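Engineer: I'm passing along coords-v1.txt; it holds compact mmCIF, C-alpha atoms and all ligand atoms.
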```
# COMPACT_ATOMS: atom_id res chain seq x y z
CA MET S 222 14.72 2.90 -21.13
CA THR S 223 11.05 2.08 -20.97
CA LYS S 224 8.36 3.41 -18.68
CA ALA S 225 6.10 1.19 -16.63
CA ALA S 226 2.42 1.86 -15.97
CA GLU S 227 -0.43 0.27 -14.08
CA ILE S 228 -3.11 -1.40 -16.18
CA ASP S 229 -6.67 -1.10 -14.95
CA ILE S 230 -9.29 -3.31 -16.57
CA ALA S 231 -12.69 -2.05 -15.41
CA ALA S 232 -15.81 -4.18 -15.98
CA VAL S 233 -14.65 -5.21 -19.46
CA SER S 234 -16.85 -7.49 -21.57
CA LYS S 235 -16.43 -8.98 -25.01
CA VAL S 236 -19.42 -10.18 -26.98
CA TYR S 237 -19.10 -11.89 -30.37
CA GLY S 238 -22.59 -12.12 -31.86
CA THR S 239 -24.46 -14.32 -29.38
CA THR S 240 -21.31 -15.49 -27.52
CA THR S 241 -20.14 -13.58 -24.45
CA ALA S 242 -16.43 -14.45 -24.37
CA VAL S 243 -15.56 -12.14 -21.45
CA HIS S 244 -18.06 -11.24 -18.69
CA ALA S 245 -17.42 -7.81 -17.14
CA ILE S 246 -13.99 -8.64 -15.70
CA SER S 247 -12.16 -6.19 -13.45
CA LEU S 248 -8.46 -6.46 -12.76
CA LYS S 249 -5.63 -4.13 -11.72
CA ILE S 250 -2.14 -5.06 -12.85
CA PRO S 251 0.44 -2.99 -10.94
CA ALA S 252 3.29 -1.43 -12.95
CA GLY S 253 6.20 -3.81 -13.49
CA THR S 254 4.22 -7.03 -12.95
CA TYR S 255 4.72 -10.35 -14.71
CA CYS S 256 1.07 -11.30 -15.13
CA CYS S 257 -0.10 -14.62 -16.58
CA LEU S 258 -3.64 -15.02 -17.88
CA LEU S 259 -4.22 -18.72 -17.28
CA GLY S 260 -7.10 -20.99 -18.20
CA PRO S 261 -8.37 -23.73 -20.49
CA SER S 262 -9.10 -23.26 -24.18
CA GLY S 263 -12.02 -20.91 -24.80
CA CYS S 264 -11.97 -19.26 -21.34
CA GLY S 265 -11.49 -15.79 -22.87
CA LYS S 266 -7.81 -15.13 -22.15
CA THR S 267 -6.82 -14.31 -25.75
CA SER S 268 -9.86 -12.04 -26.15
CA THR S 269 -8.82 -10.21 -22.96
CA LEU S 270 -5.22 -9.80 -24.19
CA ARG S 271 -6.36 -8.59 -27.62
CA MET S 272 -8.66 -6.03 -26.01
CA ILE S 273 -5.74 -4.70 -23.93
CA ALA S 274 -3.64 -4.52 -27.12
CA GLY S 275 -6.40 -2.81 -29.09
CA HIS S 276 -6.60 -5.61 -31.66
CA GLU S 277 -10.15 -6.36 -30.53
CA SER S 278 -12.81 -3.80 -29.63
CA VAL S 279 -14.23 -3.69 -26.10
CA SER S 280 -17.99 -4.42 -25.97
CA SER S 281 -18.36 -2.61 -22.63
CA GLY S 282 -16.10 -1.35 -19.84
CA ASP S 283 -12.82 0.56 -19.86
CA ILE S 284 -9.10 -0.14 -20.12
CA LEU S 285 -6.71 2.34 -18.52
CA LEU S 286 -2.95 2.41 -18.93
CA GLY S 287 -1.38 4.68 -16.35
CA ASN S 288 -3.69 7.67 -16.26
CA ALA S 289 -4.84 7.31 -19.86
CA ASN S 290 -8.10 5.71 -20.92
CA VAL S 291 -6.95 3.69 -23.96
CA THR S 292 -10.24 1.85 -24.59
CA ASP S 293 -10.82 3.42 -28.00
CA LEU S 294 -7.22 4.04 -29.09
CA PRO S 295 -5.62 2.10 -31.98
CA PRO S 296 -2.88 -0.43 -30.98
CA ALA S 297 0.07 1.79 -31.95
CA LYS S 298 -1.18 4.69 -29.79
CA ARG S 299 -1.68 2.76 -26.52
CA GLY S 300 1.82 2.30 -25.21
CA THR S 301 1.45 -1.48 -25.43
CA ALA S 302 3.21 -3.88 -27.79
CA MET S 303 2.15 -7.37 -28.67
CA MET S 304 4.20 -10.45 -29.48
CA PHE S 305 2.22 -12.93 -31.52
CA GLN S 306 2.27 -16.71 -31.16
CA SER S 307 3.48 -17.10 -34.76
CA TYR S 308 6.06 -14.28 -34.27
CA ALA S 309 4.74 -12.76 -37.58
CA LEU S 310 8.24 -11.91 -38.84
CA PHE S 311 8.77 -10.64 -42.39
CA PRO S 312 10.58 -13.46 -44.24
CA HIS S 313 12.15 -11.21 -46.89
CA LEU S 314 13.69 -8.70 -44.45
CA ASP S 315 16.88 -9.17 -42.44
CA LEU S 316 16.76 -8.92 -38.66
CA VAL S 317 17.67 -5.24 -38.53
CA ASP S 318 14.84 -4.31 -40.90
CA ASN S 319 12.41 -6.66 -39.13
CA VAL S 320 13.14 -5.05 -35.79
CA ALA S 321 13.22 -1.50 -37.21
CA PHE S 322 9.92 -1.92 -39.04
CA SER S 323 7.65 -0.09 -36.63
CA LEU S 324 10.10 2.84 -36.45
CA LYS S 325 10.03 3.02 -40.25
CA MET S 326 6.23 3.22 -40.09
CA LYS S 327 6.61 6.08 -37.64
CA GLY S 328 8.85 7.92 -40.11
CA VAL S 329 12.10 7.60 -38.12
CA GLU S 330 15.02 8.14 -40.50
CA LYS S 331 17.02 5.14 -41.63
CA GLU S 332 20.24 5.62 -39.71
CA ALA S 333 18.49 6.26 -36.40
CA ARG S 334 16.11 3.32 -36.72
CA GLN S 335 18.91 0.93 -37.71
CA ARG S 336 20.96 2.06 -34.74
CA GLU S 337 18.05 1.45 -32.38
CA ALA S 338 17.31 -1.92 -33.99
CA LEU S 339 20.93 -2.99 -33.52
CA GLU S 340 20.77 -1.95 -29.88
CA MET S 341 17.66 -4.05 -29.41
CA LEU S 342 19.28 -7.02 -31.17
CA LYS S 343 22.23 -6.63 -28.82
CA LEU S 344 19.90 -6.77 -25.80
CA MET S 345 18.53 -10.02 -27.21
CA GLN S 346 22.05 -11.36 -27.94
CA LEU S 347 21.25 -11.47 -31.64
CA GLU S 348 23.83 -8.96 -32.88
CA PRO S 349 25.91 -11.55 -34.77
CA TYR S 350 22.84 -12.50 -36.84
CA ALA S 351 21.78 -8.95 -37.73
CA THR S 352 22.00 -9.48 -41.49
CA ARG S 353 20.27 -12.86 -41.53
CA ARG S 354 16.69 -13.47 -42.49
CA PRO S 355 14.26 -15.16 -40.06
CA ALA S 356 14.37 -18.55 -41.86
CA GLN S 357 18.12 -18.75 -41.10
CA LEU S 358 17.47 -18.74 -37.35
CA SER S 359 16.42 -21.36 -34.77
CA GLY S 360 12.97 -21.20 -33.15
CA GLY S 361 14.37 -19.63 -29.99
CA GLN S 362 16.28 -17.00 -31.98
CA GLN S 363 13.16 -16.17 -34.02
CA GLN S 364 11.30 -15.63 -30.79
CA ARG S 365 13.96 -13.22 -29.59
CA VAL S 366 13.63 -11.28 -32.85
CA ALA S 367 9.87 -11.04 -32.31
CA LEU S 368 10.56 -9.77 -28.78
CA ALA S 369 13.06 -7.22 -30.06
CA ARG S 370 10.54 -6.04 -32.62
CA ALA S 371 7.84 -5.60 -29.99
CA LEU S 372 10.15 -3.86 -27.52
CA ILE S 373 11.64 -1.32 -29.93
CA THR S 374 8.50 0.79 -29.54
CA LYS S 375 9.44 1.19 -25.82
CA PRO S 376 6.04 -0.01 -24.59
CA GLU S 377 4.68 0.46 -21.08
CA ALA S 378 3.45 -3.14 -21.22
CA LEU S 379 4.35 -6.12 -23.40
CA LEU S 380 1.54 -8.50 -24.32
CA LEU S 381 2.45 -12.09 -25.19
CA ASP S 382 0.02 -14.60 -26.66
CA GLU S 383 1.19 -18.17 -25.86
CA PRO S 384 4.79 -17.07 -26.56
CA LEU S 385 6.38 -20.44 -25.76
CA SER S 386 3.94 -22.79 -27.48
CA ALA S 387 5.93 -23.13 -30.73
CA LEU S 388 9.11 -24.24 -28.93
CA ASP S 389 10.25 -27.75 -28.06
CA PRO S 390 10.16 -28.66 -24.35
CA PHE S 391 13.86 -28.00 -23.73
CA LEU S 392 13.85 -24.60 -25.43
CA LYS S 393 10.55 -23.72 -23.76
CA ILE S 394 12.16 -23.92 -20.32
CA ARG S 395 15.20 -21.92 -21.44
CA MET S 396 13.15 -19.19 -23.09
CA ARG S 397 10.90 -19.07 -20.05
CA ALA S 398 13.89 -18.10 -17.94
CA GLU S 399 14.92 -15.51 -20.56
CA LEU S 400 11.46 -13.94 -20.58
CA LYS S 401 11.51 -13.57 -16.83
CA LYS S 402 14.99 -12.06 -16.88
CA LEU S 403 14.01 -9.64 -19.62
CA GLN S 404 10.91 -8.52 -17.76
CA THR S 405 12.95 -7.92 -14.61
CA THR S 406 15.59 -5.98 -16.57
CA LEU S 407 13.05 -3.77 -18.36
CA GLY S 408 10.84 -3.28 -15.32
CA ILE S 409 7.66 -3.05 -17.44
CA SER S 410 4.63 -5.31 -17.14
CA PHE S 411 4.44 -8.45 -19.22
CA ILE S 412 0.99 -9.93 -19.74
CA HIS S 413 1.40 -13.48 -20.92
CA VAL S 414 -1.42 -15.78 -22.04
CA THR S 415 -0.92 -19.46 -21.32
CA HIS S 416 -2.92 -22.61 -20.67
CA SER S 417 0.00 -24.15 -18.75
CA GLN S 418 -0.22 -23.85 -14.99
CA GLU S 419 3.43 -24.88 -14.72
CA GLU S 420 4.46 -21.99 -17.00
CA ALA S 421 2.33 -19.51 -15.05
CA MET S 422 3.72 -20.72 -11.70
CA ALA S 423 7.30 -20.42 -12.97
CA LEU S 424 6.91 -16.89 -14.36
CA ALA S 425 4.16 -14.87 -12.79
CA ASP S 426 3.98 -12.38 -9.94
CA LEU S 427 0.26 -12.35 -10.60
CA ILE S 428 -1.72 -15.34 -11.92
CA VAL S 429 -5.19 -14.60 -13.25
CA VAL S 430 -7.15 -17.85 -13.51
CA MET S 431 -10.00 -17.55 -16.00
CA ASN S 432 -12.95 -19.85 -16.62
CA GLU S 433 -15.83 -19.27 -19.02
CA GLY S 434 -15.04 -15.58 -19.46
CA ARG S 435 -14.73 -14.84 -15.75
CA ILE S 436 -11.84 -14.42 -13.32
CA GLU S 437 -11.93 -17.18 -10.71
CA GLN S 438 -8.87 -15.90 -8.86
CA ALA S 439 -6.16 -13.27 -9.34
CA ALA S 440 -3.26 -13.61 -6.90
CA HIS S 441 0.40 -14.46 -6.42
CA PRO S 442 1.20 -18.02 -7.59
CA ARG S 443 1.79 -19.21 -4.05
CA THR S 444 -1.61 -17.95 -2.93
CA VAL S 445 -3.31 -19.52 -5.94
CA PHE S 446 -1.63 -22.83 -5.15
CA GLU S 447 -1.99 -22.82 -1.38
CA ARG S 448 -5.34 -21.04 -1.15
CA PRO S 449 -7.26 -21.82 -4.34
CA ALA S 450 -10.42 -19.72 -4.27
CA THR S 451 -12.71 -22.16 -6.04
CA ALA S 452 -12.99 -25.86 -6.97
CA PHE S 453 -12.17 -24.87 -10.56
CA VAL S 454 -8.87 -23.25 -9.50
CA ALA S 455 -7.94 -26.19 -7.25
CA ARG S 456 -8.58 -28.70 -10.05
CA PHE S 457 -6.93 -26.57 -12.74
CA MET S 458 -3.77 -25.91 -10.71
CA GLY S 459 -3.55 -29.64 -9.92
CA ASP S 460 -1.97 -31.33 -6.88
CA HIS S 461 -5.24 -30.99 -4.97
CA ASN S 462 -8.14 -33.34 -4.30
CA VAL S 463 -11.53 -31.66 -4.42
CA ILE S 464 -14.16 -33.29 -2.20
CA SER S 465 -17.79 -32.21 -2.15
CA GLY S 466 -19.85 -32.58 0.99
CA ARG S 467 -21.87 -30.75 3.61
CA ILE S 468 -20.80 -28.70 6.61
CA ALA S 469 -21.19 -30.88 9.72
CA THR S 470 -20.05 -28.32 12.26
CA SER S 471 -18.60 -24.89 11.92
CA GLY S 472 -16.54 -23.92 14.92
CA GLU S 473 -13.73 -21.58 15.77
CA ALA S 474 -11.20 -24.09 14.55
CA GLY S 475 -12.92 -24.00 11.15
CA PRO S 476 -15.70 -26.01 9.63
CA MET S 477 -15.85 -29.78 9.77
CA ILE S 478 -16.92 -31.23 6.47
CA GLU S 479 -19.01 -34.34 6.24
CA VAL S 480 -19.11 -36.09 2.91
CA ILE S 481 -22.31 -37.93 2.27
CA GLY S 482 -21.51 -41.61 2.52
CA GLY S 483 -17.85 -40.81 3.18
CA GLY S 484 -16.04 -39.64 6.27
CA ARG S 485 -15.80 -36.53 8.39
CA PHE S 486 -12.94 -34.19 7.70
CA ALA S 487 -11.33 -31.21 9.29
CA ALA S 488 -10.84 -28.27 6.96
CA ARG S 489 -9.92 -24.62 7.33
CA GLY S 490 -12.10 -21.78 6.12
CA PRO S 491 -14.71 -19.24 7.08
CA SER S 492 -17.63 -20.48 9.14
CA HIS S 493 -20.57 -21.82 7.22
CA GLU S 494 -24.15 -22.74 8.03
CA THR S 495 -24.51 -26.34 9.18
CA GLY S 496 -25.86 -28.48 6.35
CA ALA S 497 -24.66 -26.08 3.62
CA PRO S 498 -23.02 -27.74 0.62
CA ALA S 499 -19.27 -27.14 0.47
CA ASP S 500 -16.22 -28.21 -1.49
CA ILE S 501 -12.85 -28.67 0.11
CA ALA S 502 -9.39 -28.93 -1.45
CA VAL S 503 -6.84 -31.29 0.08
CA ARG S 504 -3.20 -31.16 -0.99
CA THR S 505 -2.23 -34.52 -2.52
CA ASP S 506 1.21 -34.35 -0.87
CA ARG S 507 -0.21 -33.81 2.63
CA VAL S 508 -2.37 -36.94 2.84
CA ARG S 509 -1.37 -39.34 5.63
CA ILE S 510 -1.70 -42.97 4.77
CA GLY S 511 -2.23 -45.86 7.14
CA GLN S 512 -2.23 -43.75 10.32
CA GLU S 513 -4.99 -43.98 12.89
CA PHE S 514 -7.55 -41.22 12.40
CA ALA S 515 -7.12 -38.40 14.86
CA ASP S 516 -10.52 -37.59 16.43
CA GLY S 517 -12.16 -39.96 13.93
CA LEU S 518 -11.44 -37.59 11.04
CA GLY S 519 -10.67 -39.15 7.67
CA PHE S 520 -11.90 -41.90 5.42
CA THR S 521 -10.95 -45.36 4.26
CA GLY S 522 -9.77 -45.57 0.67
CA ILE S 523 -9.25 -48.57 -1.58
CA VAL S 524 -6.03 -48.39 -3.58
CA SER S 525 -6.84 -48.57 -7.31
CA ASN S 526 -3.46 -47.72 -8.84
CA ILE S 527 0.16 -47.15 -7.80
CA GLU S 528 2.67 -45.18 -9.88
CA TYR S 529 6.34 -45.04 -8.97
CA ARG S 530 7.84 -41.62 -9.78
CA GLY S 531 11.34 -41.90 -8.38
CA SER S 532 11.39 -39.54 -5.44
CA SER S 533 7.69 -40.10 -4.76
CA VAL S 534 4.89 -42.60 -5.30
CA LYS S 535 1.45 -41.63 -6.54
CA LEU S 536 -1.50 -43.59 -5.16
CA SER S 537 -4.96 -43.45 -6.71
CA LEU S 538 -7.73 -44.32 -4.28
CA SER S 539 -11.49 -44.26 -3.94
CA GLY S 540 -13.78 -44.35 -0.94
CA ALA S 541 -17.48 -44.18 -0.14
CA GLY S 542 -18.75 -41.03 -1.88
CA ILE S 543 -15.20 -40.12 -3.00
CA GLU S 544 -13.86 -41.11 -6.39
CA ASP S 545 -10.44 -40.33 -7.80
CA PHE S 546 -8.57 -39.38 -4.67
CA THR S 547 -4.82 -38.95 -5.07
CA ALA S 548 -2.09 -39.22 -2.47
CA ILE S 549 1.55 -38.48 -3.20
CA VAL S 550 3.92 -40.06 -0.69
CA SER S 551 7.70 -39.87 -0.54
CA ASP S 552 9.50 -42.98 -1.79
CA ALA S 553 10.98 -43.48 1.69
CA ASP S 554 7.56 -43.42 3.40
CA PHE S 555 6.01 -45.68 0.77
CA PHE S 556 8.70 -48.36 0.88
CA ALA S 557 8.82 -48.29 4.69
CA ASN S 558 5.13 -49.34 4.70
CA PRO S 559 4.22 -50.47 1.18
CA VAL S 560 0.59 -50.96 0.15
CA LYS S 561 -0.78 -52.75 -2.90
CA VAL S 562 -3.70 -52.37 -5.28
CA GLY S 563 -6.93 -53.48 -3.56
CA ASP S 564 -5.74 -52.66 -0.01
CA ALA S 565 -8.08 -50.63 2.19
CA VAL S 566 -6.09 -47.88 3.93
CA PRO S 567 -7.01 -45.12 6.39
CA LEU S 568 -6.50 -41.65 4.88
CA SER S 569 -6.35 -38.43 6.86
CA TRP S 570 -4.73 -35.00 6.82
CA PRO S 571 -4.07 -32.10 9.14
CA ALA S 572 -6.91 -29.52 9.11
CA GLU S 573 -4.56 -26.80 7.88
CA ASP S 574 -3.89 -28.76 4.67
CA ALA S 575 -7.56 -28.77 3.67
CA ILE S 576 -9.40 -25.59 2.83
CA VAL S 577 -13.03 -24.80 2.23
CA LEU S 578 -13.50 -23.47 -1.29
CA GLY S 579 -15.71 -20.61 -2.38
CA ARG S 580 -18.41 -20.93 -4.99
CA LEU S 581 -18.67 -18.35 -7.78
CA GLN S 582 -22.11 -17.04 -8.57
CA HIS S 583 -22.25 -17.43 -12.37
N1 LIG S 601 -13.83 -13.68 -33.58
C1 LIG S 601 -14.66 -14.45 -32.85
N2 LIG S 601 -15.95 -14.62 -33.21
C2 LIG S 601 -16.78 -15.37 -32.47
N3 LIG S 601 -16.42 -16.01 -31.33
C3 LIG S 601 -15.17 -15.89 -30.93
C4 LIG S 601 -14.20 -15.11 -31.66
N4 LIG S 601 -13.03 -15.16 -30.99
C5 LIG S 601 -13.23 -15.94 -29.91
N5 LIG S 601 -14.51 -16.38 -29.85
C6 LIG S 601 -15.11 -17.21 -28.80
O1 LIG S 601 -14.92 -16.57 -27.56
C7 LIG S 601 -14.57 -17.51 -26.55
C8 LIG S 601 -13.25 -17.12 -25.92
O2 LIG S 601 -12.23 -17.22 -26.89
P1 LIG S 601 -10.70 -16.86 -26.59
O3 LIG S 601 -9.94 -17.05 -27.86
O4 LIG S 601 -10.63 -15.55 -25.94
O5 LIG S 601 -10.33 -17.98 -25.55
P2 LIG S 601 -8.90 -18.53 -25.08
O6 LIG S 601 -9.04 -18.76 -23.65
O7 LIG S 601 -7.84 -17.63 -25.52
O8 LIG S 601 -8.80 -19.89 -25.85
P3 LIG S 601 -7.51 -20.58 -26.57
O9 LIG S 601 -6.58 -20.98 -25.48
O10 LIG S 601 -8.13 -21.76 -27.26
O11 LIG S 601 -6.95 -19.56 -27.50
C9 LIG S 601 -14.58 -18.87 -27.21
O12 LIG S 601 -15.83 -19.45 -26.96
C10 LIG S 601 -14.42 -18.55 -28.67
O13 LIG S 601 -15.03 -19.53 -29.46
```
If you took the structure in this file and wrote it as structure tokens, what would it be?
Ligand SMILES: Nc1ncnc2c1ncn2[C@@H]1O[C@H](COP(=O)(O)OP(=O)(O)OP(=O)(O)O)[C@@H](O)[C@H]1O
Structural biologist:
Amino acid sequence: MTKAAEIDIAAVSKVYGTTTAVHAISLKIPAGTYCCLLGPSGCGKTSTLRMIAGHESVSSGDILLGNANVTDLPPAKRGTAMMFQSYALFPHLDLVDNVAFSLKMKGVEKEARQREALEMLKLMQLEPYATRRPAQLSGGQQQRVALARALITKPEALLLDEPLSALDPFLKIRMRAELKKLQTTLGISFIHVTHSQEEAMALADLIVVMNEGRIEQAAHPRTVFERPATAFVARFMGDHNVISGRIATSGEAGPMIEVIGGGRFAARGPSHETGAPADIAVRTDRVRIGQEFADGLGFTGIVSNIEYRGSSVKLSLSGAGIEDFTAIVSDADFFANPVKVGDAVPLSWPAEDAIVLGRLQH
């Protein structure tokens, strides 16, 4: 019922007075993609979404939807629809009139727009509430009304600004599943702004990690998690230790990282000049504790904290030149060889579980 189109963001910038919120970002979002713009507060994700929607002007660059350059078109002429964080429903209108509103603005006659609105409410399983007003609905139902209202225009892409943030944790997880199902059913692209890496991992086909108005990485969630491009991405996604050091050797098997004052580590990545500064990311769940170092690779950490998590145990450690190192071990492994706060333990990992990170030129 809707048509899908590729979105091409070409060298788009947003400048507010003296603040550059978005620095010439380029991104292609294939048709029918669930894309999450992910990053901390102020990284420019909302500005990017609003520029795609046409609610914010583009300072430079172009936005293409399908074959059309929509950069200077008003929101209603772009083929996009936006769902706002606050849902922005009309309190005095019932659900049918809320959902039919944009068709009314377009001059669609009453009977036809009400029929379409009812169809949309049916898709959202809201038919029984058609004559209610928004205040007579739960938070999750209000969100579905806002979705119905955005989708009635049959957009080529739906833009969602923190759509789950107003919901309690239980409903958030349920609505998350509903959003994904809806996107799959409609086959159009959803572009969803969030600061939650867990939400982005659960939903996206394409995660775009933003930092200070730039894209640090745009890839499938599994790639972002297993191959973070930069130290920022590794830290933001979590479950990684980032260690800074210098390249000791760079061979065919990948570079060997030496941390000043710390140990020598194997890591995977492109070859680097010996002596060059480098960051590596080590998966917290791949750290081996208490095993002899293979080939002398690893470091000795002092346990500073132990947290029991049920199926796993989280150890906080520090070593020479390395602060805040985390190791997650299974409960079975931990209790087979328990350690306590203050113990010095050998820490190591297989080379393939450590990767050399890139550095963005800002
Ligand atoms: N209308 C505006 N005028 C001036 N500066 C703005 C305006 N809107 C946003 N900014 C600035 O641009 C930068 C990016 O803001 P933006 O809202 O895009 O970030 P965000 O990643 O969506 O953040 P949040 O998660 O807090 O909404 C911030 O430094 C912000 O202060």
Engineer: List all protein, DNA and RNA residues that have at least one atom no more than 10 Å from any atom of ligand LIG 601 (chain S), counting only C-alpha atoms and all ligand atoms, and write them as an MDAnalysis selection string.
Structural biologist: chainID S and resid 235:243 258:272 277 382:383 414:417 431:434
Engineer: If you measure from atom CA of S:Pro384 to atom CA of S:Ala297, what distance in Å do you get, rounded to one decimal?
Structural biologist: 20.2 Å
Engineer: Report, in Å to a single decimal, how far apart atom CA of S:Thr406 and atom CA of S:Ala231 are.
Structural biologist: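 Atom-to-atom, atom CA of S:Ala231 and atom CA of S:Thr406 are spaced 28.6 Å apart.
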Engineer: For the atom pair atom CA of S:Val508 and atom CA of S:Ile523, what is the interatomic distance in Å to one decimal place?
Structural biologist: 14.2 Å
Engineer: Set the distance at 10 Å and use only C-alpha atoms: which residues neighbour S:Val320 once local chain neighbours fewer than 6 positions away are removed? I'd like the list as a list in words.
Structural biologist: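 Here the answer would be Leu310, Phe311, Leu314, Arg334, Gln335, Glu337, Ala338, Leu339, Met341, Leu342, Ala351, Val366, Ala367, Leu368, Ala369, Arg370, Ala371, Leu372, Ile373 and Thr374 of chain S.
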Engineer: Using all atoms listed in the file for the distances, tell me which of S:Gln404, S:Thr292, S:Asn462, S:Ser234 is nearest to S:Pro449.
Structural biologist: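 Nearest candidate to S:Pro449 out of S:Gln404, S:Thr292, S:Asn462, S:Ser234: S:Asn462.
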